Structures are given as structure tokens and as C-alpha cells.
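Shown here: data_37.txt, compact mmCIF, C-alpha atoms and all ligand atoms.
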```txt
# COMPACT_ATOMS: atom_id res chain seq x y z
CA MET O 1 198.05 100.07 113.36
CA PRO O 2 200.39 97.18 112.51
CA SER O 3 201.34 96.69 108.88
CA CYS O 4 200.10 93.53 107.18
CA ALA O 5 203.62 92.13 106.91
CA GLY O 6 205.14 89.06 108.50
CA PRO O 7 203.16 87.30 111.23
CA TRP O 8 200.40 89.93 111.06
CA LYS O 9 199.48 88.93 107.52
CA ASN O 10 197.76 85.66 108.44
CA PHE O 11 196.16 87.22 111.49
CA ALA O 12 194.76 90.09 109.41
CA SER O 13 193.39 87.67 106.82
CA LEU O 14 191.77 85.50 109.51
CA ALA O 15 190.24 88.53 111.26
CA SER O 16 188.84 89.80 107.98
CA ALA O 17 187.36 86.36 107.14
CA VAL O 18 185.47 86.40 110.44
CA GLU O 19 184.38 90.02 110.14
CA SER O 20 182.78 89.55 106.74
CA VAL O 21 179.29 88.09 106.75
CA ILE O 22 179.96 86.55 103.32
CA ARG O 23 183.36 85.91 101.86
CA LEU O 24 184.20 84.39 98.47
CA GLU O 25 187.85 83.49 97.98
CA ASP O 26 189.14 82.67 94.52
CA LEU O 27 185.78 81.08 93.75
CA SER O 28 185.91 79.32 90.37
CA LYS O 29 183.70 76.97 88.40
CA ARG O 30 184.48 75.15 85.17
CA TYR O 31 182.22 72.97 83.09
CA GLY O 32 184.71 70.89 81.13
CA ARG O 33 186.80 73.52 79.36
CA PHE O 34 184.20 76.25 79.76
CA VAL O 35 184.98 78.74 82.52
CA ALA O 36 181.72 79.91 84.15
CA LEU O 37 183.44 81.63 87.10
CA GLU O 38 187.10 82.52 87.46
CA GLY O 39 188.80 83.56 90.70
CA LEU O 40 185.98 85.60 92.23
CA ASN O 41 187.01 87.37 95.43
CA LEU O 42 184.26 89.25 97.22
CA GLU O 43 183.20 90.05 100.73
CA VAL O 44 179.92 91.37 102.07
CA ARG O 45 180.29 93.21 105.34
CA PRO O 46 177.92 93.54 108.29
CA GLY O 47 175.24 96.14 107.58
CA GLU O 48 175.76 95.96 103.84
CA THR O 49 173.64 95.17 100.79
CA LEU O 50 175.78 94.15 97.83
CA ALA O 51 174.22 93.81 94.37
CA LEU O 52 175.77 91.37 91.93
CA LEU O 53 175.35 92.67 88.37
CA GLY O 54 176.29 91.20 85.02
CA PRO O 55 174.97 90.26 81.58
CA ASN O 56 173.07 86.99 81.00
CA GLY O 57 175.44 84.10 81.49
CA ALA O 58 178.02 86.21 83.38
CA GLY O 59 178.24 83.74 86.27
CA LYS O 60 176.04 85.40 88.93
CA SER O 61 173.84 82.37 89.65
CA THR O 62 176.89 80.11 89.49
CA ALA O 63 178.60 82.22 92.17
CA LEU O 64 175.50 82.19 94.40
CA LYS O 65 174.99 78.44 93.97
CA ALA O 66 178.63 77.76 94.85
CA LEU O 67 178.19 80.03 97.87
CA VAL O 68 175.12 78.24 99.21
CA GLY O 69 176.43 74.72 98.71
CA LEU O 70 174.42 73.75 95.63
CA LEU O 71 177.23 73.73 93.07
CA ARG O 72 180.67 72.47 94.07
CA PRO O 73 183.30 75.01 93.03
CA SER O 74 186.27 73.82 90.96
CA ARG O 75 188.51 76.00 93.11
CA GLY O 76 188.32 78.44 96.00
CA ARG O 77 186.03 78.61 98.99
CA ALA O 78 182.92 80.34 100.31
CA LEU O 79 182.43 81.40 103.91
CA VAL O 80 179.40 82.68 105.80
CA ASP O 81 180.24 84.30 109.11
CA GLY O 82 183.65 82.62 108.89
CA VAL O 83 182.13 79.14 108.36
CA ASP O 84 183.24 77.28 105.23
CA VAL O 85 180.05 76.32 103.39
CA TRP O 86 181.62 73.22 101.84
CA LYS O 87 183.45 72.01 104.94
CA GLU O 88 180.72 72.64 107.51
CA PRO O 89 177.49 72.72 105.46
CA VAL O 90 175.06 72.21 108.33
CA ARG O 91 176.55 75.00 110.47
CA ALA O 92 176.83 77.30 107.46
CA LYS O 93 173.27 76.69 106.25
CA ALA O 94 171.85 77.85 109.59
CA LEU O 95 173.52 81.21 108.97
CA PHE O 96 171.96 82.16 105.66
CA GLY O 97 168.66 82.22 103.82
CA TYR O 98 168.69 81.69 100.05
CA VAL O 99 166.16 82.36 97.32
CA PRO O 100 167.17 80.70 94.02
CA ASP O 101 166.38 82.12 90.59
CA ARG O 102 163.87 79.32 90.03
CA PRO O 103 162.54 78.23 93.41
CA TYR O 104 161.91 74.50 93.58
CA LEU O 105 159.31 73.87 96.26
CA TYR O 106 157.74 70.52 96.98
CA GLY O 107 154.26 70.82 95.46
CA LYS O 108 152.49 68.20 97.57
CA LEU O 109 152.85 70.24 100.77
CA SER O 110 150.86 73.34 101.63
CA GLY O 111 152.74 76.59 102.22
CA LEU O 112 152.08 76.29 105.94
CA GLU O 113 153.35 72.70 106.05
CA LEU O 114 156.54 73.64 104.25
CA LEU O 115 157.19 76.59 106.58
CA ARG O 116 156.59 74.37 109.63
CA PHE O 117 158.88 71.71 108.20
CA ALA O 118 161.63 74.31 107.65
CA ALA O 119 161.14 75.69 111.17
CA GLY O 120 161.74 72.14 112.45
CA VAL O 121 164.93 71.84 110.40
CA TYR O 122 166.14 75.13 111.88
CA ARG O 123 165.07 73.90 115.34
CA LEU O 124 163.07 77.03 116.06
CA PRO O 125 161.10 76.77 119.32
CA ARG O 126 157.48 75.89 118.46
CA ARG O 127 155.83 79.09 119.73
CA GLU O 128 158.40 81.33 118.12
CA ALA O 129 158.06 79.39 114.88
CA GLU O 130 154.26 79.71 114.80
CA ALA O 131 154.41 83.46 115.47
CA ARG O 132 157.09 83.97 112.85
CA ILE O 133 155.22 81.89 110.24
CA GLU O 134 151.99 83.79 110.85
CA ALA O 135 153.77 87.14 110.52
CA LEU O 136 155.54 86.12 107.30
CA LEU O 137 152.35 84.74 105.72
CA LEU O 138 150.60 88.02 106.50
CA GLU O 139 153.50 90.13 105.30
CA PHE O 140 153.63 88.34 101.95
CA ARG O 141 149.82 88.19 101.72
CA LEU O 142 149.88 84.41 101.56
CA GLU O 143 147.66 83.77 104.59
CA ARG O 144 144.60 82.89 102.46
CA PHE O 145 146.64 80.26 100.61
CA ALA O 146 148.50 78.87 103.62
CA SER O 147 146.60 75.58 103.52
CA SER O 148 146.58 75.20 99.72
CA LEU O 149 149.03 72.82 98.07
CA ILE O 150 152.07 74.60 96.66
CA GLU O 151 151.44 72.96 93.27
CA THR O 152 148.42 75.27 92.95
CA TYR O 153 150.50 78.42 93.63
CA SER O 154 151.28 80.92 90.87
CA HIS O 155 154.91 81.78 90.07
CA GLY O 156 154.73 84.96 92.17
CA MET O 157 153.21 83.08 95.13
CA ARG O 158 156.04 80.52 95.00
CA GLN O 159 158.57 83.34 94.90
CA LYS O 160 156.95 84.93 97.97
CA LEU O 161 156.89 81.60 99.82
CA SER O 162 160.53 81.13 98.94
CA LEU O 163 161.31 84.55 100.43
CA ALA O 164 159.35 83.69 103.58
CA LEU O 165 161.36 80.45 103.90
CA ALA O 166 164.63 82.34 103.53
CA LEU O 167 163.63 84.79 106.26
CA LEU O 168 162.15 82.26 108.67
CA HIS O 169 165.21 81.79 110.89
CA ASN O 170 166.26 85.42 110.77
CA PRO O 171 169.58 84.59 109.11
CA ARG O 172 172.74 86.67 109.24
CA ALA O 173 173.08 86.55 105.48
CA LEU O 174 170.29 86.85 102.95
CA ILE O 175 171.30 85.58 99.51
CA LEU O 176 168.82 86.30 96.74
CA ASP O 177 168.97 85.46 93.04
CA GLU O 178 166.83 87.95 91.11
CA PRO O 179 164.30 88.28 93.92
CA MET O 180 161.94 90.65 92.07
CA VAL O 181 161.10 88.40 89.12
CA GLY O 182 157.38 87.65 88.96
CA LEU O 183 156.38 89.72 91.99
CA ASP O 184 153.30 91.96 92.08
CA PRO O 185 153.70 95.63 93.08
CA HIS O 186 152.95 94.95 96.76
CA ALA O 187 155.60 92.22 97.03
CA THR O 188 158.03 94.27 94.94
CA ARG O 189 157.78 97.07 97.47
CA LEU O 190 158.24 94.60 100.31
CA VAL O 191 161.42 93.20 98.79
CA ARG O 192 162.72 96.69 98.04
CA GLU O 193 162.26 97.53 101.72
CA LEU O 194 163.92 94.25 102.68
CA LEU O 195 166.98 95.06 100.59
CA ARG O 196 167.16 98.41 102.35
CA SER O 197 166.37 97.47 105.91
CA TYR O 198 167.48 93.86 106.38
CA PRO O 199 171.20 94.53 106.65
CA GLN O 200 171.23 96.04 110.12
CA GLY O 201 173.73 95.26 112.83
CA ASP O 202 175.58 92.09 111.89
CA ARG O 203 173.27 91.12 109.00
CA ALA O 204 173.99 91.47 105.30
CA VAL O 205 172.38 90.92 101.90
CA LEU O 206 173.95 89.66 98.67
CA TYR O 207 171.63 89.66 95.69
CA ALA O 208 171.91 89.16 91.93
CA THR O 209 169.85 91.45 89.75
CA HIS O 210 169.30 93.05 86.38
CA GLN O 211 167.39 95.95 87.95
CA LEU O 212 170.13 98.53 87.79
CA HIS O 213 168.03 101.50 88.85
CA LEU O 214 167.00 99.75 92.06
CA ALA O 215 170.55 98.56 92.75
CA GLU O 216 171.66 102.18 92.49
CA GLN O 217 169.13 103.09 95.18
CA VAL O 218 169.49 100.24 97.65
CA ALA O 219 172.96 98.71 97.31
CA HIS O 220 175.84 99.99 99.40
CA ARG O 221 178.20 98.42 96.87
CA VAL O 222 177.77 96.71 93.52
CA ALA O 223 179.96 94.05 91.92
CA LEU O 224 179.96 93.77 88.14
CA VAL O 225 180.74 90.30 86.81
CA HIS O 226 181.41 89.62 83.13
CA LYS O 227 182.40 86.30 81.54
CA GLY O 228 182.95 84.80 84.97
CA ARG O 229 185.30 87.51 86.23
CA LEU O 230 184.93 90.53 88.47
CA LEU O 231 185.14 93.71 86.38
CA ALA O 232 184.34 96.36 88.96
CA LEU O 233 183.44 96.66 92.62
CA GLY O 234 182.47 99.63 94.75
CA PRO O 235 179.74 101.98 95.93
CA PRO O 236 177.51 103.00 92.98
CA LYS O 237 178.39 106.70 93.23
CA ALA O 238 182.13 106.03 93.30
CA LEU O 239 181.88 103.72 90.28
CA LEU O 240 179.81 106.21 88.30
CA HIS O 241 182.36 108.90 89.06
CA GLN O 242 185.31 106.65 88.21
CA HIS O 243 183.80 105.54 84.90
CA GLN O 244 182.21 108.89 84.03
CA SER O 245 178.75 107.40 83.75
CA ALA O 246 175.42 109.10 84.39
CA ASP O 247 173.85 105.99 85.91
CA LEU O 248 174.47 102.28 86.47
CA GLU O 249 172.96 101.40 83.11
CA GLU O 250 175.51 103.51 81.27
CA PHE O 251 178.28 102.15 83.52
CA PHE O 252 177.11 98.57 82.89
CA LEU O 253 176.92 98.97 79.12
CA ARG O 254 180.23 100.82 78.91
CA LEU O 255 182.15 98.18 80.86
CA THR O 256 180.54 95.07 79.46
CA GLU O 257 180.55 96.21 75.84
CA ASP O 258 184.12 97.34 75.48
CA ALA O 259 186.00 95.70 78.31
CA ALA O 260 187.58 92.31 77.98
CA PRO O 261 188.02 90.99 81.51
CA ALA O 262 191.56 91.18 82.77
CA GLY O 263 193.72 88.09 83.21
N1 LIG O 301 175.31 72.77 84.02
C1 LIG O 301 175.97 73.56 83.18
N2 LIG O 301 176.74 73.06 82.21
C2 LIG O 301 177.41 73.86 81.35
N3 LIG O 301 177.39 75.22 81.40
C3 LIG O 301 176.64 75.77 82.37
C4 LIG O 301 175.89 74.99 83.31
N4 LIG O 301 175.25 75.84 84.16
C5 LIG O 301 175.57 77.08 83.75
N5 LIG O 301 176.41 77.04 82.69
C6 LIG O 301 176.98 78.20 81.97
O1 LIG O 301 177.67 79.01 82.91
C7 LIG O 301 177.57 80.38 82.54
C8 LIG O 301 177.11 81.18 83.74
O2 LIG O 301 175.73 80.91 83.99
P1 LIG O 301 174.93 81.64 85.17
O3 LIG O 301 173.61 80.97 85.27
O4 LIG O 301 175.78 81.67 86.37
O5 LIG O 301 174.79 83.11 84.59
P2 LIG O 301 173.98 84.37 85.21
O6 LIG O 301 174.96 85.49 85.30
O7 LIG O 301 173.26 83.98 86.43
O8 LIG O 301 172.99 84.66 83.99
P3 LIG O 301 171.46 85.24 83.96
O9 LIG O 301 171.55 86.71 84.19
O10 LIG O 301 171.03 84.91 82.58
O11 LIG O 301 170.67 84.51 85.02
C9 LIG O 301 176.60 80.45 81.36
O12 LIG O 301 177.35 80.58 80.16
C10 LIG O 301 175.89 79.11 81.38
O13 LIG O 301 175.54 78.69 80.08
```
What is this file in C-alpha cells?
Amino acid sequence: MPSCAGPWKNFASLASAVESVIRLEDLSKRYGRFVALEGLNLEVRPGETLALLGPNGAGKSTALKALVGLLRPSRGRALVDGVDVWKEPVRAKALFGYVPDRPYLYGKLSGLELLRFAAGVYRLPRREAEARIEALLLEFRLERFASSLIETYSHGMRQKLSLALALLHNPRALILDEPMVGLDPHATRLVRELLRSYPQGDRAVLYATHQLHLAEQVAHRVALVHKGRLLALGPPKALLHQHQSADLEEFFLRLTEDAAPAG
């Protein structure tokens, strides 16, 4: 194994950028003098679910929005499968599915119309698209409402449609911002299973959540963000051991209540 010195250093960094499904490098966002995100470095590997934790206002949504091309970072870059989201947005956007914290869906289309429109944007072959749309509508129990205008959907129905849209093109990376909010027990179970089973092979999931108990069960690693900075990163068990905490809630409260972020 070569050391990471000299000419190997750049090679190793390039290889690692390609191997990660998601990679955030020094990602930062300022609003005027307010620092919402400061130097976030994070990678999500193939086969991995990574949960992004942090108090209200910590910078989780900011990080996800900068990652998916919705909020231009003040510094740093975001890559999906080695593709820079801000330099090659069209290529990058084909590689991930994203569910925002507050899904904005065009109300004057029906759910079916929106899914078909998205399938066209992703250039899915027509037959494959129809089969996939039918399966997703059934899975999320939206088939009865497929032809209703989205403006008549409840919050939970919009959230489910947003999930179906994110999954439509079978993306390498699934990026979810508090995906459980507003879901009924059936959809909650579905999303729990998704967090567990989606990251197979070369796929990965990055999701922001306040549901610490679930993160402990489904996430391979968790990242704790506080005041825009990364406070801790690792597999839940290792972090609990390291910080002598009984569960993620205790870990979360211990670190965010007494720790001032470094730097
Ligand atoms: N457009 C904006 N202008 C100024 N400040 C903003 C703007 N958008 C977000 N912020 C601030 O950036 C910080 C990070 O917000 P963000 O939404 O990323 O937090 P979060 O960790 O997702 O919080 P929550 O758990 O409450 O969803 C907050 O202090 C927020 O007030």
C-alpha cells in the first residue's frame, strides 16, 4: 500500500472522490456575516446510509440544499459520484433523488402528470417509466389519487409523491430532508425500509433527521452538526462508546449542550 505522500497524494484524493457516492468538501454558507455552514467535509460511501443530525438551525438543510444545487455555497464543493453539482448540474442531477423539507410541487398537475413529466426529464424509456410510476403509486398508496390535482393533496400525500419522484429514476444517491415528517404509519414503515434497504451495491442515502432512535437503528454512520460545524462523525455504536452515552439522544444532548464547536 503506497503512503499518501508526494505524487500519490493527489491520486489518492481523486480516487476517493470517485469512490464516494456523495462528497462534501469544505462546504460553507454565509448569509452576510452569519455563518450557517462552515467547512463541512463529509463523504457517503457506496452501500451506506448516513444520518445528518443536529439541533434546529444547525445547518442540515443548508448543507443538503448546497449539495443538490439549490443554494450556492460561499465556499467548497459538492460531488455526487465524482460529478461536481455546481459545475455539471445536469449530469449531477441525474445521479440523485432529493426530497426537501418542504416539498414544493406544482399544484395544477395531477400526481400522475408530474411523475410522467419527471420521467421525461430523466429520459426514461416510456414503458419502463409507466411500469415504474405504477409501482411507486401503489407502493405509496397514491394510486386512487393519481389523477387528482396535487393542490388537493394533504401534506402527507405531497410528501409521499415527493418520495416517489425522488425514486423514479433509481438514483445512485438518495438525499432526504426529514423524510418522516407528516407520514402515516404505513408510509413511515415504507421509508424506514427504504433507509435500510436502498443503499445496496453502489447506492447510498444521506438524510437529515431529528428521529434519533431510528437513526440509531438504520444509519451506518451519523454526522452531528452544530452551529454550522461538524461535531462528530462515526457509526452510532462507536460514538456512543466514545462519548459514554446510553443512546443517541444522550450523545446528542451531551455534545450539543456543552460543546462549543472547534475552530
Ligand atoms: N435565507 C436565509 N437568510 C438568513 N439566514 C438563513 C437563511 N436560511 C437559513 N438561514 C439560517 O441558517 C441556519 C441554518 O438553517 P438550516 O435550515 O440549515 O438549519 P437545520 O439544521 O436544517 O434546522 P431544522 O432542524 O430546524 O430544520 C439557521 O440559523 C437559519 O436561520
Checklist line | Env. residues ligand LIG 301 (chain O) / 9 Å / only C-alpha atoms and all ligand atoms / as an NGL selection string | finding: :O and (29-32 or 34-37 or 52-65 or 101 or 177-178 or 208-210 or 225-228)
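Distance annotation: of O:Leu112, O:Leu253, O:Leu212, O:Val68, the residue with the minimal separation from O:Ser147 is O:Leu112; atom set is all atoms listed in the file.
Take the candidates O:Leu194, O:Ala173, O:Ala51, O:Arg23 and check each one against O:Ala215 using all atoms listed in the file; the shortest distance goes to O:Ala51.
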Next item on the list: Can you work out the spacing between atom CA of O:Pro236 and atom CA of O:Glu216 in Å, to one decimal?
Entry: 5.9 Å
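Interatomic distance, atom CA of O:Asp184 to atom CA of O:Leu161: 13.4 Å.
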Check: Pick from O:Phe140, O:Gly47, O:Gly39, O:Lys93: nearest to O:Arg196, with all atoms listed in the file counted?
Finding: O:Gly47
Once you add 6 Å to each side, what are the centre and edge lengths of the axis-aligned box holding all listed atoms of stretch 159-163 of chain O? One decimal in Å, as AutoDock Vina command-line options, if you can.
```
--center_x 159.1 --center_y 83.0 --center_z 97.7 --size_x 16.4 --size_y 15.8 --size_z 17.5
```
Next item on the list: Would you list the contacts of O:Leu136 as a PyMOL selection string, taking every protein, DNA or RNA residue within 9 Å and counting all atoms listed in the file, but skipping same-chain residues closer than 6 positions in sequence?
Entry: chain O and resi 142-143+161+164-165+167-168
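When only C-alpha atoms are used to compute distances to O:Leu233, the closest of the residues O:Lys108, O:Tyr153, O:Ala219, O:Asp202 turns out to be O:Ala219.
The gap separating atom CA of O:Leu183 from atom CA of O:Leu149 is 19.4 Å, in Å to one decimal.
Each of O:Leu67, O:His169, O:Leu95, O:Arg72 was compared to O:Glu130 using all atoms listed in the file, and O:His169 turns out to be the nearest.
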Next item on the list: Please check which residues have atoms at most 7 Å from (166.8, 80.8, 98.1) in the file's coordinates, counting all atoms listed in the file, and write them as an MDAnalysis selection string.
Entry: chainID O and resid 97:100 103 162 166 175:176
